[in-house]
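Q: mmCIF, C-alpha atoms, file model18.cif:
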```cif
data_structure
loop_
_atom_site.label_atom_id
_atom_site.label_comp_id
_atom_site.auth_asym_id
_atom_site.auth_seq_id
_atom_site.Cartn_x
_atom_site.Cartn_y
_atom_site.Cartn_z
CA MET A 95 35.87 23.71 128.62
CA SER A 96 32.78 22.55 126.90
CA ILE A 97 30.75 19.39 127.48
CA PRO A 98 30.64 17.29 124.38
CA ILE A 99 27.30 17.62 122.63
CA SER A 100 26.75 13.86 122.75
CA THR A 101 26.82 13.78 126.61
CA VAL A 102 24.23 16.56 126.79
CA LEU A 103 22.00 14.59 124.48
CA SER A 104 22.40 11.38 126.45
CA HIS A 105 21.64 13.31 129.67
CA LYS A 106 18.46 14.56 128.12
CA LYS A 107 17.58 11.06 127.02
CA LEU A 108 18.25 9.77 130.51
CA ILE A 109 16.05 12.43 132.10
CA LEU A 110 13.30 11.61 129.62
CA ALA A 111 13.69 7.89 130.18
CA VAL A 112 13.33 8.35 133.94
CA SER A 113 10.66 11.03 134.03
CA PHE A 114 8.29 9.44 131.51
CA PRO A 115 7.48 6.34 133.62
CA VAL A 116 7.22 8.54 136.71
CA VAL A 117 4.66 10.77 135.00
CA VAL A 118 2.73 7.72 133.77
CA MET A 119 2.76 6.19 137.24
CA ALA A 120 1.61 9.44 138.82
CA TRP A 121 -1.15 9.78 136.25
CA TRP A 122 -2.28 6.18 136.85
CA ALA A 123 -2.29 6.65 140.60
CA PHE A 124 -4.12 9.96 140.76
CA ARG A 125 -6.08 10.04 137.49
CA PRO A 126 -6.24 13.85 137.74
CA GLU A 127 -8.47 14.16 134.68
CA LYS A 128 -11.25 12.61 136.77
CA LEU A 129 -11.46 15.87 138.68
CA TRP A 130 -13.42 17.36 135.81
CA ILE A 131 -14.76 14.26 134.09
CA ASN A 132 -18.01 12.98 135.57
CA GLN A 133 -19.42 9.55 135.01
CA LYS A 134 -23.17 9.72 135.30
CA VAL A 135 -25.36 6.62 135.53
CA ASN A 136 -29.11 6.25 135.80
CA GLU A 137 -30.15 2.72 136.73
CA PRO A 138 -33.82 2.00 137.35
CA ALA A 139 -34.91 0.59 140.69
CA PRO A 140 -34.31 -3.18 140.72
CA PHE A 141 -37.99 -3.91 141.26
CA ALA A 142 -39.16 -1.39 138.69
CA SER A 143 -42.89 -1.15 138.87
CA SER A 144 -44.10 2.33 138.15
CA SER A 145 -47.56 1.51 139.49
CA ASP A 146 -46.21 1.37 143.04
CA PRO A 147 -46.12 4.42 145.27
CA GLN A 148 -42.72 6.06 145.10
CA PRO A 149 -41.16 7.46 148.27
CA LEU A 150 -40.29 11.14 147.79
CA TYR A 151 -39.17 12.26 151.25
CA THR A 152 -38.39 10.50 154.49
CA GLY A 153 -37.19 11.30 157.98
CA ARG A 154 -36.90 9.94 161.52
CA LEU A 155 -39.28 11.22 164.17
CA GLN A 156 -37.65 12.67 167.27
CA GLY A 157 -39.43 13.32 170.54
CA GLN A 158 -39.77 16.87 171.78
CA ALA A 159 -42.48 17.45 174.44
CA HIS A 160 -43.13 13.69 174.56
CA GLN A 161 -41.14 10.67 173.58
CA THR A 162 -41.83 10.05 169.90
CA SER A 163 -40.16 7.67 167.49
CA GLY A 164 -40.59 6.08 164.09
CA ARG A 165 -40.28 7.05 160.47
CA ALA A 166 -42.30 9.49 158.38
CA THR A 167 -42.28 9.01 154.61
CA VAL A 168 -44.12 10.93 151.90
CA TYR A 169 -45.13 8.71 148.99
CA GLN A 170 -46.49 9.61 145.60
CA ALA A 171 -49.08 7.13 144.36
CA ALA A 172 -49.28 6.13 140.69
CA ASN A 173 -52.15 8.58 140.16
CA GLY A 174 -50.04 11.47 141.45
CA THR A 175 -51.65 11.87 144.87
CA LEU A 176 -49.35 12.34 147.85
CA TYR A 177 -49.66 10.68 151.19
CA LEU A 178 -47.69 10.58 154.40
CA ARG A 179 -47.03 7.21 155.99
CA LEU A 180 -45.83 6.74 159.56
CA THR A 181 -44.09 3.44 160.34
CA ASP A 182 -42.69 1.94 163.56
CA PHE A 183 -44.52 4.87 165.00
CA SER A 184 -44.96 5.57 168.69
CA THR A 185 -45.80 8.72 170.59
CA SER A 186 -47.69 9.42 173.76
CA ASN A 187 -51.45 9.55 173.58
CA GLY A 188 -53.03 12.90 174.29
CA PRO A 189 -55.96 15.20 173.67
CA ASP A 190 -56.56 16.64 170.21
CA VAL A 191 -53.29 15.47 168.70
CA HIS A 192 -52.85 16.19 165.01
CA VAL A 193 -50.39 15.40 162.25
CA VAL A 194 -49.29 18.61 160.53
CA LEU A 195 -46.58 19.71 158.14
CA GLY A 196 -44.41 22.60 159.28
CA ARG A 197 -41.24 24.37 158.29
CA GLU A 198 -38.16 22.89 159.88
CA GLU A 199 -36.44 26.27 160.38
CA ASP A 200 -39.56 27.68 162.10
CA GLU A 201 -38.50 29.02 165.51
CA ASN A 202 -41.90 27.96 166.89
CA LEU A 203 -40.94 24.33 166.38
CA LYS A 204 -37.70 24.61 168.33
CA GLN A 205 -39.54 24.65 171.66
CA GLU A 206 -41.82 22.13 173.30
CA ILE A 207 -44.71 24.59 173.43
CA VAL A 208 -45.46 26.81 170.45
CA LYS A 209 -45.73 30.44 171.60
CA GLY A 210 -46.61 32.16 168.35
CA GLN A 211 -48.73 31.26 165.36
CA LEU A 212 -47.54 27.98 163.84
CA ASP A 213 -47.26 28.08 160.06
CA SER A 214 -48.53 24.60 159.30
CA ILE A 215 -50.63 22.44 157.01
CA GLU A 216 -53.14 20.16 158.66
CA LEU A 217 -53.10 16.51 157.60
CA GLY A 218 -55.63 15.24 160.11
CA ALA A 219 -56.22 14.09 163.65
CA LEU A 220 -53.75 11.44 164.80
CA LYS A 221 -55.32 8.04 164.06
CA GLY A 222 -53.40 6.21 166.77
CA ASN A 223 -50.45 6.92 169.01
CA GLN A 224 -48.84 3.67 167.87
CA GLY A 225 -48.67 1.75 164.62
CA ASP A 226 -48.46 2.28 160.89
CA GLN A 227 -50.77 4.91 159.47
CA ASN A 228 -51.39 6.98 156.33
CA TYR A 229 -52.49 10.58 155.89
CA ASP A 230 -53.42 12.28 152.63
CA VAL A 231 -51.23 15.24 151.73
CA PRO A 232 -52.86 18.02 149.67
CA SER A 233 -51.20 18.02 146.24
CA SER A 234 -50.79 21.79 146.40
CA VAL A 235 -48.31 21.57 149.28
CA ASP A 236 -44.74 22.67 148.56
CA LEU A 237 -42.76 19.95 150.31
CA GLY A 238 -39.57 21.88 149.74
CA LYS A 239 -40.99 24.54 152.05
CA TYR A 240 -43.04 22.44 154.47
CA ASP A 241 -40.24 20.00 155.17
CA ALA A 242 -41.12 18.77 158.66
CA VAL A 243 -43.75 16.37 159.95
CA VAL A 244 -45.00 17.51 163.34
CA ILE A 245 -47.03 15.52 165.85
CA TYR A 246 -48.84 18.47 167.37
CA CYS A 247 -51.25 18.75 170.29
CA GLU A 248 -53.57 21.54 169.14
CA ARG A 249 -55.11 22.01 172.56
CA PHE A 250 -51.90 22.80 174.41
CA HIS A 251 -49.79 23.85 171.40
CA ALA A 252 -47.34 21.13 172.34
CA VAL A 253 -44.89 19.72 169.80
CA PHE A 254 -44.92 16.02 170.72
CA GLY A 255 -42.39 15.09 168.09
CA LEU A 256 -40.92 16.16 164.79
CA ALA A 257 -39.33 14.62 161.70
CA LYS A 258 -37.18 16.56 159.27
CA LEU A 259 -38.00 15.32 155.78
CA GLU A 260 -35.10 14.65 153.44
CA GLN A 261 -35.24 13.73 149.78
CA PHE A 262 -35.50 9.99 149.29
CA MET B 165 -62.53 33.70 188.95
CA ALA B 166 -59.27 32.26 190.28
CA SER B 167 -61.04 29.07 191.36
CA ASN B 168 -62.57 28.83 187.89
CA GLY B 169 -59.09 28.85 186.44
CA LYS B 170 -58.02 26.15 188.88
CA ILE B 171 -60.94 23.93 187.83
CA VAL B 172 -60.02 24.35 184.17
CA LEU B 173 -56.41 23.51 184.94
CA GLY B 174 -57.46 20.50 186.96
CA LEU B 175 -59.66 19.24 184.16
CA ALA B 176 -56.85 19.73 181.70
CA ALA B 177 -54.52 17.74 183.94
CA LEU B 178 -57.15 15.00 184.21
CA ALA B 179 -57.59 14.92 180.44
CA CYS B 180 -53.86 14.65 180.06
CA THR B 181 -53.47 11.80 182.53
CA PHE B 182 -56.31 9.82 180.99
CA GLY B 183 -55.02 10.55 177.57
CA LEU B 184 -51.52 9.50 178.47
CA HIS B 185 -52.47 6.12 179.84
CA THR B 186 -54.52 4.71 177.02
CA SER B 187 -52.97 3.76 173.72
CA ALA B 188 -54.69 3.88 170.39
CA ARG B 189 -53.10 1.62 167.85
CA ALA B 190 -53.51 2.25 164.15
CA GLN B 191 -52.65 -0.23 161.44
CA ASP B 192 -52.89 1.21 157.95
CA ASN B 193 -51.53 -0.86 155.10
CA MET B 194 -49.40 0.53 152.34
CA LYS B 195 -51.85 1.99 149.85
CA HIS B 196 -50.94 -0.34 147.02
CA GLU B 197 -51.68 -3.33 149.21
CA ASP B 198 -55.10 -1.94 149.95
CA GLY B 199 -57.65 -4.72 149.39
CA MET B 200 -60.25 -2.38 147.91
CA LYS B 201 -57.92 -1.02 145.30
CA HIS B 202 -56.64 -4.45 144.46
CA GLU B 203 -60.17 -5.66 143.81
CA GLU B 204 -60.85 -2.64 141.65
CA SER B 205 -57.78 -3.25 139.55
CA MET B 206 -58.73 -6.89 139.17
CA LYS B 207 -62.18 -5.89 137.94
CA GLN B 208 -60.61 -3.52 135.47
CA ASP B 209 -58.31 -6.22 134.25
CA ASN B 210 -61.21 -8.60 133.72
CA SER B 211 -63.29 -6.04 131.92
CA MET B 212 -60.46 -5.20 129.55
CA LYS B 213 -60.11 -8.82 128.43
CA HIS B 214 -56.90 -8.05 126.62
CA GLY B 215 -55.24 -11.09 128.03
CA ASP B 216 -52.72 -8.82 129.69
CA THR B 217 -50.97 -10.50 132.55
CA MET B 218 -51.87 -9.10 135.93
CA GLN B 219 -49.14 -6.97 137.30
CA HIS B 220 -47.66 -8.79 140.24
CA GLU B 221 -47.72 -7.07 143.56
CA ASP B 222 -44.30 -5.75 144.38
CA LYS B 223 -43.08 -7.72 147.37
CA SER B 224 -39.71 -6.04 147.71
CA ARG B 225 -39.27 -4.43 151.09
CA THR B 226 -37.29 -1.39 152.09
CA LEU B 227 -35.12 -2.41 155.02
CA GLU B 228 -32.79 0.48 155.78
CA THR B 229 -31.93 3.93 154.54
CA GLY B 230 -29.51 6.75 155.24
CA THR B 231 -27.97 9.88 153.72
CA PHE B 232 -24.36 10.35 152.68
CA HIS B 233 -22.07 12.88 154.25
CA GLY B 234 -18.54 13.68 153.17
CA LYS B 235 -17.12 17.18 152.86
CA VAL B 236 -13.60 16.60 151.46
CA HIS B 237 -14.92 14.75 148.42
CA ASN B 238 -18.39 16.34 148.35
CA THR B 239 -20.45 13.19 148.69
CA SER B 240 -24.23 13.41 149.00
CA GLY B 241 -27.37 11.44 148.29
CA ARG B 242 -29.23 8.51 149.75
CA ALA B 243 -28.39 4.86 150.26
CA THR B 244 -31.25 2.38 150.69
CA ILE B 245 -31.22 -1.37 151.17
CA TYR B 246 -34.08 -3.32 149.63
CA GLN B 247 -34.92 -6.96 150.00
CA GLU B 248 -36.41 -8.57 146.94
CA GLU B 249 -39.06 -11.25 147.07
CA ASN B 250 -36.44 -13.98 146.68
CA GLY B 251 -34.55 -12.66 149.69
CA LYS B 252 -31.77 -11.00 147.72
CA LEU B 253 -30.49 -7.75 149.17
CA ILE B 254 -29.90 -4.74 146.93
CA LEU B 255 -28.23 -1.46 147.81
CA ARG B 256 -29.56 1.46 145.79
CA LEU B 257 -27.99 4.91 145.65
CA THR B 258 -30.27 7.79 144.68
CA ASN B 259 -29.67 11.53 144.16
CA PHE B 260 -26.10 10.41 144.48
CA LYS B 261 -22.99 12.48 143.87
CA THR B 262 -19.36 12.07 144.81
CA SER B 263 -16.06 13.13 143.33
CA ASN B 264 -14.64 11.00 140.57
CA GLY B 265 -11.46 9.19 141.44
CA PRO B 266 -9.26 6.19 140.81
CA ASP B 267 -10.33 2.71 141.96
CA VAL B 268 -13.38 3.85 143.93
CA HIS B 269 -15.55 1.10 145.42
CA VAL B 270 -18.83 0.80 147.27
CA VAL B 271 -18.40 -1.09 150.54
CA LEU B 272 -20.35 -1.86 153.67
CA ILE B 273 -18.34 -1.32 156.84
CA ALA B 274 -18.76 -2.77 160.31
CA ALA B 275 -19.14 0.61 162.00
CA LYS B 276 -21.90 2.99 163.04
CA ASP B 277 -20.49 5.79 160.88
CA ALA B 278 -17.24 7.02 159.33
CA GLY B 279 -15.69 10.47 159.12
CA ASP B 280 -13.79 12.04 156.24
CA ASP B 281 -10.48 11.12 157.84
CA ALA B 282 -11.44 7.50 158.52
CA ASN B 283 -8.73 4.98 157.69
CA PHE B 284 -10.23 1.52 157.50
CA LEU B 285 -6.83 -0.18 157.31
CA LYS B 286 -5.53 1.52 160.43
CA SER B 287 -8.75 1.03 162.38
CA ASN B 288 -8.95 -2.52 161.01
CA THR B 289 -12.58 -1.99 160.04
CA GLU B 290 -14.22 -5.02 158.46
CA ARG B 291 -15.60 -4.40 154.98
CA VAL B 292 -17.96 -6.11 152.57
CA GLU B 293 -17.11 -5.32 148.95
CA LEU B 294 -20.14 -4.48 146.80
CA GLY B 295 -18.27 -3.57 143.63
CA LYS B 296 -16.47 -0.85 141.76
CA ILE B 297 -18.48 2.33 141.65
CA LYS B 298 -20.55 2.51 138.46
CA GLY B 299 -20.61 6.28 138.26
CA ASN B 300 -19.81 9.23 140.46
CA GLU B 301 -23.28 10.63 139.78
CA GLY B 302 -26.75 9.20 139.46
CA ASP B 303 -28.95 6.33 140.61
CA GLN B 304 -27.28 2.94 140.83
CA ASN B 305 -27.80 -0.53 142.32
CA TYR B 306 -25.39 -2.97 143.91
CA GLU B 307 -25.99 -6.53 145.00
CA ILE B 308 -25.19 -7.37 148.59
CA PRO B 309 -23.67 -10.85 149.08
CA THR B 310 -26.13 -13.26 150.67
CA GLY B 311 -25.41 -13.87 154.31
CA THR B 312 -24.25 -10.31 154.98
CA ASP B 313 -25.19 -9.40 158.55
CA LEU B 314 -26.79 -5.97 158.27
CA SER B 315 -26.91 -5.59 162.04
CA LYS B 316 -23.11 -5.67 161.93
CA PHE B 317 -22.43 -3.78 158.69
CA GLN B 318 -24.34 -0.60 159.45
CA THR B 319 -22.73 1.95 157.15
CA VAL B 320 -22.22 2.36 153.41
CA SER B 321 -18.89 3.86 152.42
CA ILE B 322 -17.63 5.22 149.12
CA TYR B 323 -14.09 4.00 149.41
CA CYS B 324 -11.02 4.75 147.33
CA GLU B 325 -9.04 1.50 147.58
CA ARG B 326 -5.88 2.97 146.11
CA PHE B 327 -5.42 5.64 148.75
CA ASN B 328 -7.52 4.01 151.46
CA ALA B 329 -9.69 7.13 151.58
CA ASN B 330 -13.31 7.31 152.70
CA PHE B 331 -14.99 9.65 150.15
CA GLY B 332 -18.30 9.57 152.01
CA ALA B 333 -20.34 7.49 154.42
CA ALA B 334 -24.05 6.85 154.92
CA PRO B 335 -25.03 5.42 158.31
CA LEU B 336 -28.10 3.24 157.80
CA GLU B 337 -31.24 3.39 159.90
CA LYS B 338 -34.31 1.18 159.89
CA PHE B 339 -36.79 2.33 157.24
#
```
Could you express the structure from this file as structure tokens?

A:
Amino acid sequence: MSIPISTVLSHKKLILAVSFPVVVMAWWAFRPEKLWINQKVNEPAPFASSSDPQPLYTGRLQGQAHQTSGRATVYQAANGTLYLRLTDFSTSNGPDVHVVLGREEDENLKQEIVKGQLDSIELGALKGNQGDQNYDVPSSVDLGKYDAVVIYCERFHAVFGLAKLEQF
Amino acid sequence: MASNGKIVLGLAALACTFGLHTSARAQDNMKHEDGMKHEESMKQDNSMKHGDTMQHEDKSRTLETGTFHGKVHNTSGRATIYQEENGKLILRLTNFKTSNGPDVHVVLIAAKDAGDDANFLKSNTERVELGKIKGNEGDQNYEIPTGTDLSKFQTVSIYCERFNANFGAAPLEKF
């Protein structure tokens, strides 16, 4: 008993005829080649004006020892200088309150009162406990390392509030 | 000595209470809107006399921003909504990265956030279509249809229409 050669051929043809569209459909649906093909774009900002300050980092302020809210954003001006801008800002007023940069993973910043020596960079005394305000940031600061804005009461070592800076 | 300590503590408490009750309000402008600097640049422009047109002040405002999260399809970066001077809303993605895929779109969804397993069809989540994704990497802009209520559509989603999969979501917060 042997199957005629023509039937084997037609079987093969049938399998091909069925499987080809299935493969095409599967390819169309999943586009597996896209797993390793990247499509990179680089559009400019819609309002492109390089003379405007560019936001580099931003974060939301969260209250710690005192209720604190608002946004902290580090801008780079056209001339390269960095400054921190607080917007929608509100914290409690207090004695000797400063704006400093700290390290987010610093254990000292996890508590309301700093027990040890706070590794920080001073930006200046708090101008107001409410409202929009700017602080110059020394250009030498490594913002990858000092990645937290801290509203810090120097007198009582109290962390009023803190914002983790994330890349804009 | 003990009473001395008490006096110091008392004074500190007093300082605190007085401090806590008064508010000091600051109102700095954005630096590029600073009147002084503007005047300076105008002077410079006049002195140059090149007939260069004054650069117009950029009146676009940053309304909202948020960062993407999405583990299954490795989505990261920032989504920011700007309002141009003419009122038009633009969504801009920066430092953006997601996985490439078929029929991927950028949408706004009427939700506070969305997880990797979110199914917008099942949950019947309202969406605003912003367009097919331009690239799975890099900075890109999308126009938001006029009349879109941003207080309702609070999250940007990278959404694979074909499989109804949420590649990543960025909950937006006030800038």

Q: Excluding Tyr151 in chain A and its own-chain neighbours fewer than 6 positions away, which residues fall within 7 Å of it when counting only C-alpha atoms? Please give them as a PyMOL selection string.

A: chain A and resi 167-168+259-262

Q: Using only C-alpha atoms, which of A:Asp146, A:Asp213, A:Glu206, A:Glu201 sits nearest chain B?

A: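 Closest to chain B of all the choices is A:Asp146.
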
Q: Find the spatial neighbours of range 113-124 of chain A, counting all atoms listed in the file, within a cut-off of 9 Å - ignore same-chain residues fewer than 5 positions away - and output them as a list in words.

A: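 The residues satisfying every condition are Leu108 of chain A; Gly265, Pro266, Arg326 and Phe327 of chain B.
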
Q: Can you work out the spacing between CA of Phe331 in chain B and CA of Asn238 in chain B in Å, to one decimal?

A: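 Computed distance, CA of Phe331 in chain B to CA of Asn238 in chain B, equals 7.7 Å.
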
Q: Measuring atom to atom with all atoms listed in the file, identify which of B:Gln304, B:Asn328, B:Thr312, B:Gln191 is nearest to Ala243 in chain B.

A: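 Under the stated criterion, the closest residue is B:Gln304.
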
Q: Please list as a list of chain:residue names every residue within 10 Å of Pro335 in chain B, counting all atoms listed in the file and excluding residues in the same chain fewer than 2 positions away.

A: B:Glu228, B:Thr229, B:Gly230, B:Thr231, B:Phe232, B:His233, B:Ala243, B:Leu272, B:Ile273, B:Ala275, B:Lys276, B:Asp277, B:Ala278, B:Phe317, B:Gln318, B:Thr319, B:Val320, B:Ser321, B:Ala333, B:Glu337

Q: Between CA of Leu314 in chain B and CA of Leu150 in chain A, what is the distance in Å, rounded to a tenth?

A: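 If I compute the distance from CA of Leu314 in chain B to CA of Leu150 in chain A, I get 24.2 Å.
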
Q: Could you list the residues chosen by the PyMOL selection byres ((chain B and resi 237) around 12) in this structure as an NGL selection string?

A: (:A and (129)) or (:B and (232-236 or 238-240 or 261-265 or 268 or 279-281 or 300 or 322-324 or 329-333))

Q: Report the distance between CA of Glu216 in chain A and CA of His192 in chain A in Å, rounded to one decimal place.

A: 7.5 Å

Q: Taking the file as I've supplied it (selection: the PyMOL selection byres ((chain A and resi 136) around 12)), which residues are included? Please answer as a list in words.

A: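 What the PyMOL selection byres ((chain A and resi 136) around 12) grabs from the file is Gln133, Lys134, Val135, Glu137, Pro138, Ala139 and Pro140 of chain A; Arg256, Leu257, Thr258, Asn259, Phe260, Lys261, Lys298, Gly299, Asn300, Glu301, Gly302, Asp303, Gln304 and Asn305 of chain B.
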
Q: Only C-alpha atoms, please: the residues just picked out, written as a tab-separated table (two decimals), in the frame of the given file.

A:
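Output file out-v3.tsv follows:
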```tsv
chain	number	residue	atom	x	y	z
A	133	GLN	CA	-19.42	9.55	135.01
A	134	LYS	CA	-23.17	9.72	135.30
A	135	VAL	CA	-25.36	6.62	135.53
A	137	GLU	CA	-30.15	2.72	136.73
A	138	PRO	CA	-33.82	2.00	137.35
A	139	ALA	CA	-34.91	0.59	140.69
A	140	PRO	CA	-34.31	-3.18	140.72
B	256	ARG	CA	-29.56	1.46	145.79
B	257	LEU	CA	-27.99	4.91	145.65
B	258	THR	CA	-30.27	7.79	144.68
B	259	ASN	CA	-29.67	11.53	144.16
B	260	PHE	CA	-26.10	10.41	144.48
B	261	LYS	CA	-22.99	12.48	143.87
B	298	LYS	CA	-20.55	2.51	138.46
B	299	GLY	CA	-20.61	6.28	138.26
B	300	ASN	CA	-19.81	9.23	140.46
B	301	GLU	CA	-23.28	10.63	139.78
B	302	GLY	CA	-26.75	9.20	139.46
B	303	ASP	CA	-28.95	6.33	140.61
B	304	GLN	CA	-27.28	2.94	140.83
B	305	ASN	CA	-27.80	-0.53	142.32
```

Q: Excluding same-chain residues fewer than 6 positions from Leu212 in chain A, what lies within 12 Å of it counting all atoms listed in the file, as a PDB file with C-alpha atoms, in the frame of the given file?

A:
```
ATOM      1  CA  VAL A 194     -49.290  18.610 160.530  1.00  0.00           C
ATOM      2  CA  LEU A 195     -46.580  19.710 158.140  1.00  0.00           C
ATOM      3  CA  GLY A 196     -44.410  22.600 159.280  1.00  0.00           C
ATOM      4  CA  ARG A 197     -41.240  24.370 158.290  1.00  0.00           C
ATOM      5  CA  GLU A 198     -38.160  22.890 159.880  1.00  0.00           C
ATOM      6  CA  GLU A 199     -36.440  26.270 160.380  1.00  0.00           C
ATOM      7  CA  ASP A 200     -39.560  27.680 162.100  1.00  0.00           C
ATOM      8  CA  GLU A 201     -38.500  29.020 165.510  1.00  0.00           C
ATOM      9  CA  ASN A 202     -41.900  27.960 166.890  1.00  0.00           C
ATOM     10  CA  LEU A 203     -40.940  24.330 166.380  1.00  0.00           C
ATOM     11  CA  LYS A 204     -37.700  24.610 168.330  1.00  0.00           C
ATOM     12  CA  GLN A 205     -39.540  24.650 171.660  1.00  0.00           C
ATOM     13  CA  TYR A 240     -43.040  22.440 154.470  1.00  0.00           C
ATOM     14  CA  VAL A 244     -45.000  17.510 163.340  1.00  0.00           C
ATOM     15  CA  TYR A 246     -48.840  18.470 167.370  1.00  0.00           C
ATOM     16  CA  CYS A 247     -51.250  18.750 170.290  1.00  0.00           C
ATOM     17  CA  GLU A 248     -53.570  21.540 169.140  1.00  0.00           C
ATOM     18  CA  HIS A 251     -49.790  23.850 171.400  1.00  0.00           C
ATOM     19  CA  ALA A 252     -47.340  21.130 172.340  1.00  0.00           C
ATOM     20  CA  VAL A 253     -44.890  19.720 169.800  1.00  0.00           C
TER      21      VAL A 253
END
```

Q: Looking at A:Gln170, A:Ser233, A:Ser104, A:Asn223, which one is nearest to Pro189 in chain A, with distances taken over all atoms listed in the file?

A: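 For Pro189 in chain A, the nearest of the given residues is A:Asn223.
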
Q: Which one of B:Gln247, B:Gly295, B:Phe339, B:Thr289 sits closest to chain A if you count only C-alpha atoms?

A: B:Phe339

Q: May I ask which of the residues B:Arg291, B:Arg225, B:Lys286, B:Arg189 is the closest one to Asp182 in chain A, counting all atoms listed in the file?

A: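 Ranked by minimum distance to Asp182 in chain A, first place goes to B:Arg189.
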
Q: Using only C-alpha atoms, which of the listed residues (B:Asp313, B:Glu249, B:Glu307, B:Asp192) sits closest to chain A?

A: B:Asp192

Q: Selection in question (the file shown): the PyMOL selection byres ((chain A and resi 236) around 12). Which residues does it include, as a ChimeraX atom specification?

A: /A:176,195-197,214-215,231-235,237-242

Q: Could you write out the selected residues, including C-alpha atoms, as a JSON list (two decimals), in the coordinates of the input?

A:
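Written file, part.json:
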```
[["chain", "number", "residue", "atom", "x", "y", "z"],
["A", 176, "LEU", "CA", -49.35, 12.34, 147.85],
["A", 195, "LEU", "CA", -46.58, 19.71, 158.14],
["A", 196, "GLY", "CA", -44.41, 22.60, 159.28],
["A", 197, "ARG", "CA", -41.24, 24.37, 158.29],
["A", 214, "SER", "CA", -48.53, 24.60, 159.30],
["A", 215, "ILE", "CA", -50.63, 22.44, 157.01],
["A", 231, "VAL", "CA", -51.23, 15.24, 151.73],
["A", 232, "PRO", "CA", -52.86, 18.02, 149.67],
["A", 233, "SER", "CA", -51.20, 18.02, 146.24],
["A", 234, "SER", "CA", -50.79, 21.79, 146.40],
["A", 235, "VAL", "CA", -48.31, 21.57, 149.28],
["A", 237, "LEU", "CA", -42.76, 19.95, 150.31],
["A", 238, "GLY", "CA", -39.57, 21.88, 149.74],
["A", 239, "LYS", "CA", -40.99, 24.54, 152.05],
["A", 240, "TYR", "CA", -43.04, 22.44, 154.47],
["A", 241, "ASP", "CA", -40.24, 20.00, 155.17],
["A", 242, "ALA", "CA", -41.12, 18.77, 158.66]]
```

Q: In file coordinates, which residues lie within 10 Å of (-45.1, 10.2, 137.4) using all atoms listed in the file, given as a PDB file with C-alpha atoms, keeping the file's coordinate frame?

A:
```pdb
ATOM      1  CA  SER A 144     -44.100   2.330 138.150  1.00  0.00           C
ATOM      2  CA  SER A 145     -47.560   1.510 139.490  1.00  0.00           C
ATOM      3  CA  PRO A 147     -46.120   4.420 145.270  1.00  0.00           C
ATOM      4  CA  GLN A 148     -42.720   6.060 145.100  1.00  0.00           C
ATOM      5  CA  GLN A 170     -46.490   9.610 145.600  1.00  0.00           C
ATOM      6  CA  ALA A 171     -49.080   7.130 144.360  1.00  0.00           C
ATOM      7  CA  ALA A 172     -49.280   6.130 140.690  1.00  0.00           C
ATOM      8  CA  ASN A 173     -52.150   8.580 140.160  1.00  0.00           C
ATOM      9  CA  GLY A 174     -50.040  11.470 141.450  1.00  0.00           C
TER      10      GLY A 174
END
```
